[in-house]
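Here's the structure, in structure tokens; my notes come after.
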Amino acid sequence: MQNSNPDPLAALLQAEQFIGWTCQVDYEKAVVLTSDFWKARAKGVPLNCFLLAAAGNAHAAAEREILLLRVIGAALLPLEDKQVQAKIEKFKTCKTGVAVAGAGPEDFQFGGLQCRILGTFYLQNGRLRLGSDVESFAHAAGAEVYRPTGAALEAIVNYVSPERIAAAAEEARRLGLAGELPRFPIGTVRYSSTDRQHRGDVAERAVFRLNAVDFLARRTAVFGMTRTGKSNTVKQLVSVVMRTSQEFGLKIGQVIYDLNGEYANANQQDKGSIAGVFPRDTIRYRMIPTPGFELILNNFFTQISEGHTTLKGLIEANKIFRSADLEAFLSMDFTAPNKEDYNSEAEYQRQSGIHQRKIAAYQAVLARAGYELPAGFKITFEAGAGIRNKVNPSVDPANGLTASQACEWFQLARQIQDELMTGTGADWIDPDTNVLMNLLLQRNDQGAYIPGFRLLQPFKDYHAPNRTTDVCDEIYQHLKSGKIVILDLSVGDPVQRERLGKRIARHIFLNSMAAFNSGGHPPHVVIYVEEAHNIIGRHEALTEIWPTIAKEGAKARIATVYATQEVSSIHPNILSNTENILVSHLNNENEIGELAKYYDFRDFSHSIIRAQDVGFTRVKTLSNPFVIPVQIDKFDPEKERQRAQPAAGVITV
Ligand SMILES: Nc1ncnc2c1ncn2[C@@H]1O[C@H](COP(=O)(O)OP(=O)(O)OP(=O)(O)O)[C@@H](O)[C@H]1O
Ligand SMILES: [Mg+2]
């Protein structure tokens, strides 16, 4: 983009945007001499706006450079300075030149602007480069100053160093893309809350784009008080990443941890949702059966340990009274025996048999409690002829039993347990199977009544009988094929939500890490989390899965986007490794202070605390060496829908 103009440096300077001259310059700061007339003609000079100071004859000379400045306040003019006096006098009398056409001397109310020097634009091998400091300032006093707008401003805020362009090209090649990596337009430059002048002309607004190389496999923080547009920013990101990646033929899987159901479901204010905009590419998950949603849950009959852990969590969360049998049930371990752990094949076989029976008894308990068996599912286990003849000679469990047959079989076995224990199957019934049979029969070892399987009945909805694969794996496959996965966590048991949420995150991380470690290319995945202080808060252990993803996900091509109201609540290690930071309004000095430690956010302290405008966001990205104030576009479901399916409903015959 920056190379399309034969002279990209000259293209930055717009004559009609001239606003004055530098009169004091050092390595850090510059004072700009300006007049009300020039400011008005350039449609205002808001606080925090970018200015360009072109030293010498910037349009022609070979050795040219342009300082990039940011207005950070008003400045007293050094009127004792003879040069400044001379300049002012000259302007007042001069009727020609770049600045004064049309203005009478009475229009020249002079003033000073305090500016921070952000860097120096110069040309190297015909390409625009931005150094992040100033090399020498002696010549810079008396430089013409312009306030860039439109295309010039776009070139500044979207500047990417040749090195990063090369890195992006390399990544694009790795991904098999013909051209460059995409850039995601997310908003337009905005300096101040009052934007009547500097953004009055919609056509002149400068579009800000987030580079895919900055965003993918990186960390992005979205900070701001409630209702200042964090979720909107996330929605805008999700849709622009989806749209752009489709255009470029690049698969980027996106998974949203949707705590309030605002991405999965349309609300009154926004009249649409991500799911509504990309119906074919969005898969929604929920914890309770709902039309249009997949179940986030697992099949208890096929994922034994997972189902058992879920039940354990639910029973614990519901503070159910625990009899000895229930306690024993909760502490059961359904992990299959491992061959290496046994000295002999015979012992391993014996343990495997016990394990198989235990699972069958557990499945019978689930069935008795009303958990629906998957279609065609049979409860299967081995029982020798001696046992079979004693319990029920008419069926062989090795051929598979229906739910009622299995329940009946274990109940009968429990009733003749003493006989079984003393006869052929001395150790046929292990302690866990014994407990499971007690639950089935609702009798403890002493024969007293216990609620048994009934205790599991209330949690039937957590079982997904139709699921044939692990939900985590299913989600990972969707992400691999570039879909948007929305985990609507607004319903269901909070403990389970958290557990499942973590399990999914861990699955994504481990699978992508495995691909990375085996020398492959993991898929690009972006994980969006709200209320991030709860999972990557400053008191979280960094070994937990969320902090691990935030720290190490980049290797496995996992990008994390986290949103929260509190900058100070985020773990400092994670915050300091966050490449992109987007901040809307914050309401207190503490939070601002935390942020001011990073980059040049300090310049915006005042504006962040004062301006409460929704979507008015200061953005620091990896590629940009300084903060850029941006008005994030409003996520507009209707417009997005039209863009996503341009041909929908239009049939030409
Ligand atoms: N850039 C924007 N332009 C215009 N309106 C916006 C913009 N961003 C958000 N809004 C509107 O402002 C309201 C609040 O936005 P949003 O829900 O994104 O805030 P939030 O920071 O996520 O709030 P919370 O902390 O409550 O989650 C919404 O109705 C949204 O449509
Ligand atoms: Mg929100």
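Labels used: A, B, ... for chains in the order of the structure tokens, numbers from 1 for residues in each chain, and numbers from 1 for ligands as shown.
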
Which residues of chain A come within 10 Å of ligand 2, and what is each one's closest atom pair and distance in Å (one decimal), counting only C-alpha atoms and all ligand atoms, sorted by chain and residue number, as CSV?
```
residue,atom,partner,partner_atom_place_in_ligand_line,distance
A:Gly224,CA,ligand 2,1 (Mg),9.4
A:Met225,CA,ligand 2,1 (Mg),9.3
A:Thr226,CA,ligand 2,1 (Mg),6.9
A:Arg227,CA,ligand 2,1 (Mg),6.8
A:Thr228,CA,ligand 2,1 (Mg),8.3
A:Gly229,CA,ligand 2,1 (Mg),6.8
A:Lys230,CA,ligand 2,1 (Mg),5.3
A:Ser231,CA,ligand 2,1 (Mg),4.0
A:Asn232,CA,ligand 2,1 (Mg),7.3
A:Thr233,CA,ligand 2,1 (Mg),9.0
A:Val234,CA,ligand 2,1 (Mg),8.6
A:Lys235,CA,ligand 2,1 (Mg),9.8
A:Asp258,CA,ligand 2,1 (Mg),9.5
A:Leu259,CA,ligand 2,1 (Mg),9.1
A:Asn260,CA,ligand 2,1 (Mg),8.2
A:Glu262,CA,ligand 2,1 (Mg),8.2
A:Tyr263,CA,ligand 2,1 (Mg),9.9
A:Glu530,CA,ligand 2,1 (Mg),7.1
A:Glu531,CA,ligand 2,1 (Mg),8.3
A:Ala563,CA,ligand 2,1 (Mg),7.9
A:Thr564,CA,ligand 2,1 (Mg),8.3
A:Gln565,CA,ligand 2,1 (Mg),9.2
```

Which neighbours of region 361-374 of chain A fall inside 7 Å, counting only C-alpha atoms, when residues of the same chain fewer than 3 positions from it are skipped, and could you give them as a CSV table (one decimal) with N, CA, C and O atoms, in the first residue's frame?
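Output contents, as saved in selection.csv:
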```
chain,number,residue,atom,x,y,z
A,301,PHE,N,-22.5,-42.6,28.4
A,301,PHE,CA,-22.4,-44.1,28.2
A,301,PHE,C,-21.1,-44.4,27.5
A,301,PHE,O,-20.6,-45.5,27.6
A,357,ARG,N,-16.6,-54.9,34.0
A,357,ARG,CA,-17.8,-55.1,34.8
A,357,ARG,C,-18.2,-53.9,35.6
A,357,ARG,O,-19.4,-53.6,35.7
A,358,LYS,N,-17.2,-53.2,36.1
A,358,LYS,CA,-17.5,-52.0,36.8
A,358,LYS,C,-18.2,-51.0,35.9
A,358,LYS,O,-19.2,-50.3,36.3
A,377,PHE,N,-27.3,-48.9,21.5
A,377,PHE,CA,-26.2,-49.2,22.5
A,377,PHE,C,-26.6,-50.4,23.4
A,377,PHE,O,-27.7,-50.5,23.8
A,403,ALA,N,-30.9,-52.0,28.4
A,403,ALA,CA,-30.8,-51.3,29.7
A,403,ALA,C,-31.6,-52.1,30.8
A,403,ALA,O,-31.0,-52.4,31.9
A,406,ALA,N,-29.7,-55.3,31.7
A,406,ALA,CA,-28.5,-55.1,32.5
A,406,ALA,C,-28.9,-54.8,33.9
A,406,ALA,O,-28.3,-55.3,34.9
A,407,CYS,N,-29.9,-54.0,34.1
A,407,CYS,CA,-30.3,-53.6,35.5
A,407,CYS,C,-30.7,-54.9,36.2
A,407,CYS,O,-30.3,-55.1,37.3
A,410,PHE,N,-27.7,-57.2,37.1
A,410,PHE,CA,-26.9,-56.8,38.3
A,410,PHE,C,-27.7,-56.8,39.6
A,410,PHE,O,-27.2,-57.1,40.6
A,433,THR,N,-17.8,-52.4,42.1
A,433,THR,CA,-19.0,-53.0,41.4
A,433,THR,C,-20.0,-53.3,42.5
A,433,THR,O,-21.2,-53.1,42.3
A,436,LEU,N,-21.8,-50.1,43.2
A,436,LEU,CA,-22.7,-49.7,42.1
A,436,LEU,C,-23.9,-50.6,42.1
A,436,LEU,O,-25.0,-50.1,41.9
A,437,MET,N,-23.8,-51.8,42.5
A,437,MET,CA,-25.0,-52.7,42.6
A,437,MET,C,-25.8,-52.2,43.8
A,437,MET,O,-27.1,-52.3,43.7
A,439,LEU,N,-26.2,-49.2,44.7
A,439,LEU,CA,-26.9,-48.0,44.2
A,439,LEU,C,-28.1,-48.4,43.4
A,439,LEU,O,-29.2,-47.8,43.4
A,440,LEU,N,-27.9,-49.5,42.6
A,440,LEU,CA,-28.9,-50.0,41.7
A,440,LEU,C,-30.1,-50.5,42.5
A,440,LEU,O,-31.2,-50.3,42.2
A,453,PHE,N,-29.6,-44.9,43.0
A,453,PHE,CA,-29.6,-44.3,41.6
A,453,PHE,C,-30.4,-43.0,41.5
A,453,PHE,O,-30.2,-42.2,40.7
A,454,ARG,N,-31.4,-42.9,42.4
A,454,ARG,CA,-32.3,-41.7,42.4
A,454,ARG,C,-31.5,-40.4,42.5
A,454,ARG,O,-31.9,-39.4,41.9
A,456,LEU,N,-29.0,-39.6,41.1
A,456,LEU,CA,-28.4,-39.2,39.8
A,456,LEU,C,-29.5,-38.6,38.8
A,456,LEU,O,-29.2,-38.0,37.8
A,457,GLN,N,-30.8,-38.9,39.2
A,457,GLN,CA,-31.8,-38.5,38.3
A,457,GLN,C,-31.9,-37.0,37.9
A,457,GLN,O,-32.1,-36.7,36.7
A,460,LYS,N,-29.9,-35.7,34.6
A,460,LYS,CA,-30.0,-36.3,33.3
A,460,LYS,C,-29.7,-35.4,32.1
A,460,LYS,O,-29.2,-35.8,31.1
A,465,PRO,N,-27.2,-38.2,24.7
A,465,PRO,CA,-27.3,-39.5,24.2
A,465,PRO,C,-26.9,-39.7,22.7
A,465,PRO,O,-26.5,-40.7,22.3
A,466,ASN,N,-27.1,-38.6,22.0
A,466,ASN,CA,-26.8,-38.7,20.5
A,466,ASN,C,-25.4,-38.4,20.1
A,466,ASN,O,-25.0,-38.5,18.9
```

All alpha helix (DSSP H) residues (DSSP, backbone) inside region 273-396 of chain A, as a VMD selection string: chain A and resid 274 to 277 304 to 317 324 to 330 345 to 368 385 to 391

Counting only C-alpha atoms and all ligand atoms, the residue of A:Ala166, A:Leu401, A:Ala266, A:Val255 that sits nearest ligand 1: A:Ala266

If we count only C-alpha atoms, what is near Asp36 (chain A) at a cut-off of 7 Å, once residues fewer than 3 positions away on the same chain are taken out, given as an mmCIF file with N, CA and C atoms, in the first residue's frame?
```cif
data_model
loop_
_atom_site.group_PDB
_atom_site.id
_atom_site.type_symbol
_atom_site.label_atom_id
_atom_site.label_comp_id
_atom_site.auth_asym_id
_atom_site.auth_seq_id
_atom_site.Cartn_x
_atom_site.Cartn_y
_atom_site.Cartn_z
ATOM 1 N N LYS A 39 -5.612 26.473 11.741
ATOM 2 C CA LYS A 39 -6.253 25.352 12.446
ATOM 3 C C LYS A 39 -7.670 25.121 11.911
ATOM 4 N N ALA A 40 -8.391 26.259 11.748
ATOM 5 C CA ALA A 40 -9.767 26.140 11.261
ATOM 6 C C ALA A 40 -9.779 25.579 9.848
ATOM 7 N N ASP A 107 -6.796 37.601 11.212
ATOM 8 C CA ASP A 107 -7.071 36.183 11.456
ATOM 9 C C ASP A 107 -5.930 35.507 12.191
ATOM 10 N N PHE A 108 -4.826 36.180 12.289
ATOM 11 C CA PHE A 108 -3.656 35.493 12.821
ATOM 12 C C PHE A 108 -3.508 35.615 14.329
ATOM 13 N N GLN A 109 -4.303 34.826 15.026
ATOM 14 C CA GLN A 109 -4.132 34.672 16.461
ATOM 15 C C GLN A 109 -3.185 33.496 16.626
ATOM 16 N N PHE A 110 -1.975 33.792 17.087
ATOM 17 C CA PHE A 110 -0.990 32.716 17.144
ATOM 18 C C PHE A 110 -1.027 31.981 18.484
#
```

Surrounding residues of Val25 (chain A) excluding itself and chain neighbours under 6 positions, 12 Å, only C-alpha atoms, as a list in words: Val31, Val32, Leu33, Ala53, Ala55, Leu67, Leu69, Pro78, Leu113, Gln114, Cys115, Arg116, Ile117, Val134, Glu135, Ser136, Phe137, Ala138, His139, Ala140, Ala141, Gly142 and Ala143 of chain A

Residue neighbourhood region 185-196 of chain A, 7 Å, only C-alpha atoms, exclusion window fewer than 4 positions, as a PyMOL selection string: chain A and resi 46-49+200+205-210+236-237+611+613+629-633

Shell of 12 Å around Gly313 (chain A), only C-alpha atoms, local chain residues under 6 positions omitted, as a PyMOL selection string: chain A and resi 306-307+319-320+330-331+456+459+462+493-500

Nearest candidate to ligand 1 (options A:Gly126, A:Gly400, A:Gly179, A:Gly272; using only C-alpha atoms and all ligand atoms): A:Gly272

Picked from region 121-159 of chain A by DSSP as strand (DSSP E or B), as an MDAnalysis selection string: chainID A and resid 121:124 127:131 144:146

Distance in Å - CA of Ile88 (chain A) versus CA of Asp133 (chain A): 28.8 Å

I'd like the contact shell of Ile475 (chain A) - 9 Å cut-off, only C-alpha atoms, skipping same-chain residues fewer than 4 positions apart - returned as a short mmCIF file (atom, residue, chain, number, x, y, z; two decimals) with N, CA and C atoms, in the first residue's frame.
```cif
data_model
loop_
_atom_site.label_atom_id
_atom_site.label_comp_id
_atom_site.auth_asym_id
_atom_site.auth_seq_id
_atom_site.Cartn_x
_atom_site.Cartn_y
_atom_site.Cartn_z
N VAL A 255 -13.26 -19.25 18.45
CA VAL A 255 -14.15 -19.78 19.49
C VAL A 255 -14.41 -18.70 20.53
N ILE A 283 -21.28 -22.46 14.69
CA ILE A 283 -21.89 -23.57 15.40
C ILE A 283 -22.03 -23.14 16.86
N ASP A 470 -16.31 -37.01 21.24
CA ASP A 470 -16.09 -36.10 22.35
C ASP A 470 -16.37 -34.68 21.86
N VAL A 471 -17.14 -33.93 22.65
CA VAL A 471 -17.53 -32.59 22.22
C VAL A 471 -16.29 -31.72 21.96
N LEU A 479 -13.01 -25.82 14.39
CA LEU A 479 -12.03 -24.73 14.37
C LEU A 479 -11.02 -24.96 13.24
N LYS A 480 -10.65 -26.20 13.07
CA LYS A 480 -9.70 -26.51 12.00
C LYS A 480 -10.26 -26.15 10.64
N VAL A 485 -17.10 -20.93 16.53
CA VAL A 485 -17.78 -21.76 17.53
C VAL A 485 -18.17 -20.85 18.70
N ILE A 504 -12.43 -27.72 27.22
CA ILE A 504 -12.36 -27.41 25.79
C ILE A 504 -11.08 -26.64 25.48
N ILE A 508 -8.01 -27.85 22.98
CA ILE A 508 -7.51 -27.05 21.84
C ILE A 508 -6.00 -26.87 21.99
#
```

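Shortest atom-to-atom contact with ligand 1 among A:Gln405, A:Ser607, A:Asn267, A:Gln197: A:Asn267, counting only C-alpha atoms and all ligand atoms.
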
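If you look at CA of Arg174 (chain A) and CA of Tyr159 (chain A), they are 23.1 Å away from each other.
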
d(CA of Glu540 (chain A), CA of Val561 (chain A)) in Å: 17.6 Å

For Ser245 (chain A), the nearest of the candidates A:Ile156, A:Ala324, A:Cys472, A:Ala212, counting only C-alpha atoms: A:Ala212

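Nearest-residue note for ligand 1: choosing from A:Thr34, A:Thr309, A:Ser584, A:Thr543, the minimum distance belongs to A:Ser584, counting only C-alpha atoms and all ligand atoms.
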
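Of the residues listed (A:Trp428, A:Phe18, A:Phe223, A:Phe329), A:Phe223 shows the shortest atom-to-atom separation from ligand 1; distances use only C-alpha atoms and all ligand atoms.
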